[in-house]
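S.K.: Next comes work-v6.cif, mmCIF, C-alpha atoms:
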data_input
#
loop_
_atom_site.label_atom_id
_atom_site.label_comp_id
_atom_site.auth_asym_id
_atom_site.auth_seq_id
_atom_site.Cartn_x
_atom_site.Cartn_y
_atom_site.Cartn_z
CA MET A 3 -0.66 10.95 -6.20
CA PHE A 4 -0.34 14.12 -4.12
CA ARG A 5 2.68 15.21 -6.09
CA ALA A 6 0.51 15.20 -9.20
CA ILE A 7 -2.11 17.54 -7.73
CA ARG A 8 0.30 19.90 -6.00
CA ASN A 9 0.50 22.22 -9.02
CA VAL A 10 -3.17 21.98 -10.00
CA PRO A 11 -5.10 25.26 -9.58
CA PHE A 12 -7.46 25.24 -6.61
CA ARG A 13 -10.59 25.65 -8.74
CA HIS A 14 -9.80 22.33 -10.43
CA ILE A 15 -9.24 20.51 -7.15
CA GLN A 16 -12.75 21.44 -5.99
CA LYS A 17 -14.16 19.37 -8.86
CA PHE A 18 -12.60 16.23 -7.38
CA GLY A 19 -14.64 16.53 -4.20
CA PHE A 20 -11.93 17.77 -1.87
CA SER A 21 -13.45 19.56 1.09
CA THR A 22 -12.26 23.09 1.70
CA THR A 23 -13.82 23.24 5.14
CA ASN A 24 -13.07 21.19 8.19
CA SER A 25 -16.19 19.36 9.36
CA CYS A 26 -14.90 19.46 12.92
CA ARG A 27 -12.62 22.42 13.51
CA GLU A 28 -12.86 21.93 17.25
CA SER A 29 -11.07 18.58 17.15
CA PHE A 30 -7.51 17.48 17.81
CA LYS A 31 -5.50 14.35 18.51
CA VAL A 32 -3.72 14.36 21.87
CA GLN A 33 0.06 14.24 21.35
CA ASP A 34 1.28 13.55 24.90
CA LEU A 35 0.39 13.97 28.57
CA ASN A 36 1.38 17.65 28.60
CA ASP A 37 -0.80 18.28 25.55
CA PHE A 38 -3.72 16.53 27.30
CA ASN A 39 -3.25 18.58 30.46
CA GLU A 40 -2.99 21.85 28.56
CA ARG A 41 -5.75 21.34 25.99
CA VAL A 42 -8.21 19.18 27.94
CA LYS A 43 -7.82 19.66 31.68
CA ASN A 44 -7.07 23.38 31.40
CA SER A 45 -9.54 24.10 28.60
CA LYS A 46 -11.90 27.02 29.09
CA LYS A 47 -14.42 25.15 26.92
CA PRO A 48 -16.01 21.80 27.75
CA VAL A 49 -14.18 18.87 26.12
CA ILE A 50 -15.40 15.50 24.90
CA VAL A 51 -12.50 13.03 24.99
CA ASP A 52 -12.78 10.17 22.50
CA PHE A 53 -10.67 7.21 23.64
CA PHE A 54 -10.15 4.99 20.58
CA ALA A 55 -7.84 2.46 18.96
CA THR A 56 -6.86 2.29 15.29
CA TRP A 57 -7.71 -1.44 15.16
CA CYS A 58 -11.20 -0.90 16.63
CA ASN A 59 -13.99 -1.03 14.02
CA PRO A 60 -16.66 0.49 16.31
CA CYS A 61 -14.22 3.37 16.94
CA LYS A 62 -13.91 3.92 13.19
CA ALA A 63 -17.69 4.02 12.87
CA LEU A 64 -18.05 6.40 15.82
CA THR A 65 -15.53 8.98 14.58
CA PRO A 66 -17.56 10.65 11.82
CA ARG A 67 -20.71 10.58 13.97
CA ILE A 68 -19.17 12.34 16.96
CA GLU A 69 -17.25 14.78 14.74
CA ASN A 70 -20.50 15.81 13.05
CA VAL A 71 -22.30 16.26 16.37
CA ILE A 72 -19.41 18.36 17.73
CA ALA A 73 -19.39 20.43 14.52
CA GLU A 74 -23.10 21.18 15.03
CA LYS A 75 -22.20 22.86 18.33
CA LYS A 76 -20.17 25.49 16.43
CA GLY A 77 -17.35 25.84 18.93
CA GLU A 78 -19.29 25.33 22.18
CA VAL A 79 -17.40 22.10 22.86
CA VAL A 80 -14.04 20.63 21.81
CA LEU A 81 -13.30 17.04 20.74
CA ALA A 82 -10.00 15.53 21.92
CA LYS A 83 -9.01 12.16 20.46
CA VAL A 84 -6.81 9.82 22.50
CA ASP A 85 -5.32 6.69 20.91
CA ILE A 86 -5.18 4.19 23.79
CA ASP A 87 -2.25 2.34 22.22
CA GLU A 88 -0.17 5.52 22.13
CA HIS A 89 -1.36 6.85 25.50
CA SER A 90 -2.11 3.85 27.68
CA GLU A 91 -1.38 5.88 30.84
CA LEU A 92 -4.31 8.20 30.03
CA ALA A 93 -6.55 5.21 29.35
CA LEU A 94 -5.63 3.80 32.77
CA ASP A 95 -6.08 7.18 34.49
CA TYR A 96 -9.62 7.42 33.10
CA ASP A 97 -10.55 3.74 33.66
CA VAL A 98 -10.94 2.97 29.97
CA GLY A 99 -11.41 -0.80 29.84
CA SER A 100 -12.88 -1.01 26.35
CA VAL A 101 -13.19 1.28 23.36
CA PRO A 102 -14.74 3.45 22.15
CA VAL A 103 -15.34 5.58 25.23
CA LEU A 104 -16.43 9.21 25.26
CA ILE A 105 -15.73 11.19 28.42
CA ALA A 106 -17.10 14.68 28.99
CA ILE A 107 -14.68 16.90 30.93
CA ARG A 108 -15.33 20.42 32.19
CA ASN A 109 -12.83 22.40 34.26
CA GLY A 110 -10.61 19.33 34.44
CA LYS A 111 -13.34 17.16 35.98
CA VAL A 112 -15.16 14.19 34.46
CA GLU A 113 -18.90 14.89 34.25
CA GLU A 114 -20.27 12.18 31.96
CA ARG A 115 -19.12 9.07 30.13
CA LEU A 116 -20.55 7.02 27.28
CA VAL A 117 -19.21 3.56 26.41
CA GLY A 118 -19.49 1.77 23.08
CA LEU A 119 -20.68 2.57 19.58
CA GLN A 120 -23.69 4.90 19.66
CA ASP A 121 -26.07 6.19 17.03
CA THR A 122 -26.08 9.87 16.15
CA ASP A 123 -29.21 10.65 18.20
CA LYS A 124 -27.66 9.17 21.36
CA LEU A 125 -24.42 11.11 20.73
CA ARG A 126 -26.39 14.32 20.21
CA GLN A 127 -28.24 13.77 23.52
CA PHE A 128 -24.93 13.13 25.29
CA VAL A 129 -23.30 16.29 23.90
CA ASP A 130 -26.44 18.42 24.38
CA LYS A 131 -26.77 17.33 28.01
CA PHE A 132 -23.12 18.17 28.63
CA THR A 133 -23.13 21.54 26.84
CA ASN A 134 -26.41 22.67 28.41
CA GLN A 135 -25.06 22.20 31.97
CA LYS A 136 -23.43 25.58 32.44
#
Translate this structure into structure tokens?

M.R.:
Amino acid sequence: MFRAIRNVPFRHIQKFGFSTTNSCRESFKVQDLNDFNERVKNSKKPVIVDFFATWCNPCKALTPRIENVIAEKKGEVVLAKVDIDEHSELALDYDVGSVPVLIAIRNGKVEERLVGLQDTDKLRQFVDKFTNQK
């Protein structure tokens, strides 16, 4: 399918509903322990770490909600996504016993944590509380 649209002019692709903006530019998937240390623990910005699993339906439901809330903050906070099956050592280090779990980290230290699927209002409160603590 992608091969077919590769040579289509951009103006035509827009008609198919492809987004040209990233709803959550301040988001990344952790690649390894060094990546986590560099981009989360050493981040100058506060970071929300989303511990998830690909097989977890509540995790799948949480993803667009938290990404939208983070996007509303316009760069004040970063979202790091950690797949617990790929990075079980990080899940153990942060006492993740079930998923989804959101952990708020500032200056390398855990400040808040939220366990389970949450509605958008609860996520917004969580992120607002974390970003307003300067």

S.K.: Which residue, A:Asn70, A:Thr133, A:Ser45, A:Thr56, has the smallest gap to A:Val101 when you use all atoms listed in the file?

M.R.: A:Thr56

S.K.: From the list A:Glu113, A:Glu69, A:Asp130, A:Asp34, which residue is nearest A:Asp85 when using all atoms listed in the file?

M.R.: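 The shortest atom-to-atom distance to A:Asp85 comes from A:Asp34.
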
S.K.: Once the PyMOL selection byres ((chain A and resi 116) around 6) has been evaluated on this model, what residues remain selected, and can you format them as number ranges by chain?

M.R.: A: 103-104, 115, 117

S.K.: From the list A:Ala55, A:Val112, A:Ala82, A:Ile72, which residue is nearest A:Gly99 when using all atoms listed in the file?

M.R.: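 Among A:Ala55, A:Val112, A:Ala82, A:Ile72, it is A:Ala55 that comes nearest to A:Gly99.
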
S.K.: Find the residues near A:Trp57: any atom within 10 Å, counting all atoms listed in the file, skip ones fewer than 4 places away on the same chain, and give them as a VMD selection string.

M.R.: chain A and resid 61 to 62 87

S.K.: Nearest to A:Ile107 among A:Leu64, A:Phe54, A:Glu28, A:Val129, with distances taken over only C-alpha atoms: which residue is it?

M.R.: A:Val129

S.K.: Quick one: of A:His89, A:Lys75, A:Lys47, A:Arg67, who's nearest to A:Thr122, counting only C-alpha atoms?

M.R.: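 Ranked by minimum distance to A:Thr122, first place goes to A:Arg67.
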
S.K.: Measure the distance from atom CA of A:Arg41 to atom CA of A:Lys83 in Å and round it to one decimal.

M.R.: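 Between atom CA of A:Arg41 and atom CA of A:Lys83 the gap works out to 11.2 Å.
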
S.K.: Can you work out the spacing between atom CA of A:Leu81 and atom CA of A:Ile50 in Å, to one decimal?

M.R.: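 Distance reported for this atom pair: 4.9 Å.
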
S.K.: Would you kindly return, as a ChimeraX atom specification, each protein, DNA or RNA residue with an atom no farther than 9 Å from any atom of A:Arg126, considering all atoms listed in the file and excluding same-chain residues fewer than 5 positions away?

M.R.: /A:68,71-72,121,131

S.K.: Now that the selection is made, can you save its residues with C-alpha atoms as a short mmCIF file (atom, residue, chain, number, x, y, z; two decimals), in the coordinates of the input?

M.R.:
data_model
loop_
_atom_site.label_atom_id
_atom_site.label_comp_id
_atom_site.auth_asym_id
_atom_site.auth_seq_id
_atom_site.Cartn_x
_atom_site.Cartn_y
_atom_site.Cartn_z
CA ILE A 68 -19.17 12.34 16.96
CA VAL A 71 -22.30 16.26 16.37
CA ILE A 72 -19.41 18.36 17.73
CA ASP A 121 -26.07 6.19 17.03
CA LYS A 131 -26.77 17.33 28.01
#

S.K.: Using only C-alpha atoms, which of A:Leu94, A:Cys58, A:Ala63, A:Val49 sits nearest A:Ala106?

M.R.: A:Val49

S.K.: Write out as number ranges by chain each polymer residue whose atoms come within 12 Å of A:Asn36, counting only C-alpha atoms; drop sequence neighbours fewer than 6 positions from it.

M.R.: A: 42-44, 89, 92

S.K.: Put those residues in a file: C-alpha atoms, as a short mmCIF file (atom, residue, chain, number, x, y, z; two decimals), keeping the file's coordinate frame.

M.R.:
data_model
loop_
_atom_site.label_atom_id
_atom_site.label_comp_id
_atom_site.auth_asym_id
_atom_site.auth_seq_id
_atom_site.Cartn_x
_atom_site.Cartn_y
_atom_site.Cartn_z
CA VAL A 42 -8.21 19.18 27.94
CA LYS A 43 -7.82 19.66 31.68
CA ASN A 44 -7.07 23.38 31.40
CA HIS A 89 -1.36 6.85 25.50
CA LEU A 92 -4.31 8.20 30.03
#

S.K.: Atom CA of A:Glu78 and atom CA of A:Asp95, how far apart in Å?

M.R.: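 A separation of 25.6 Å between them.
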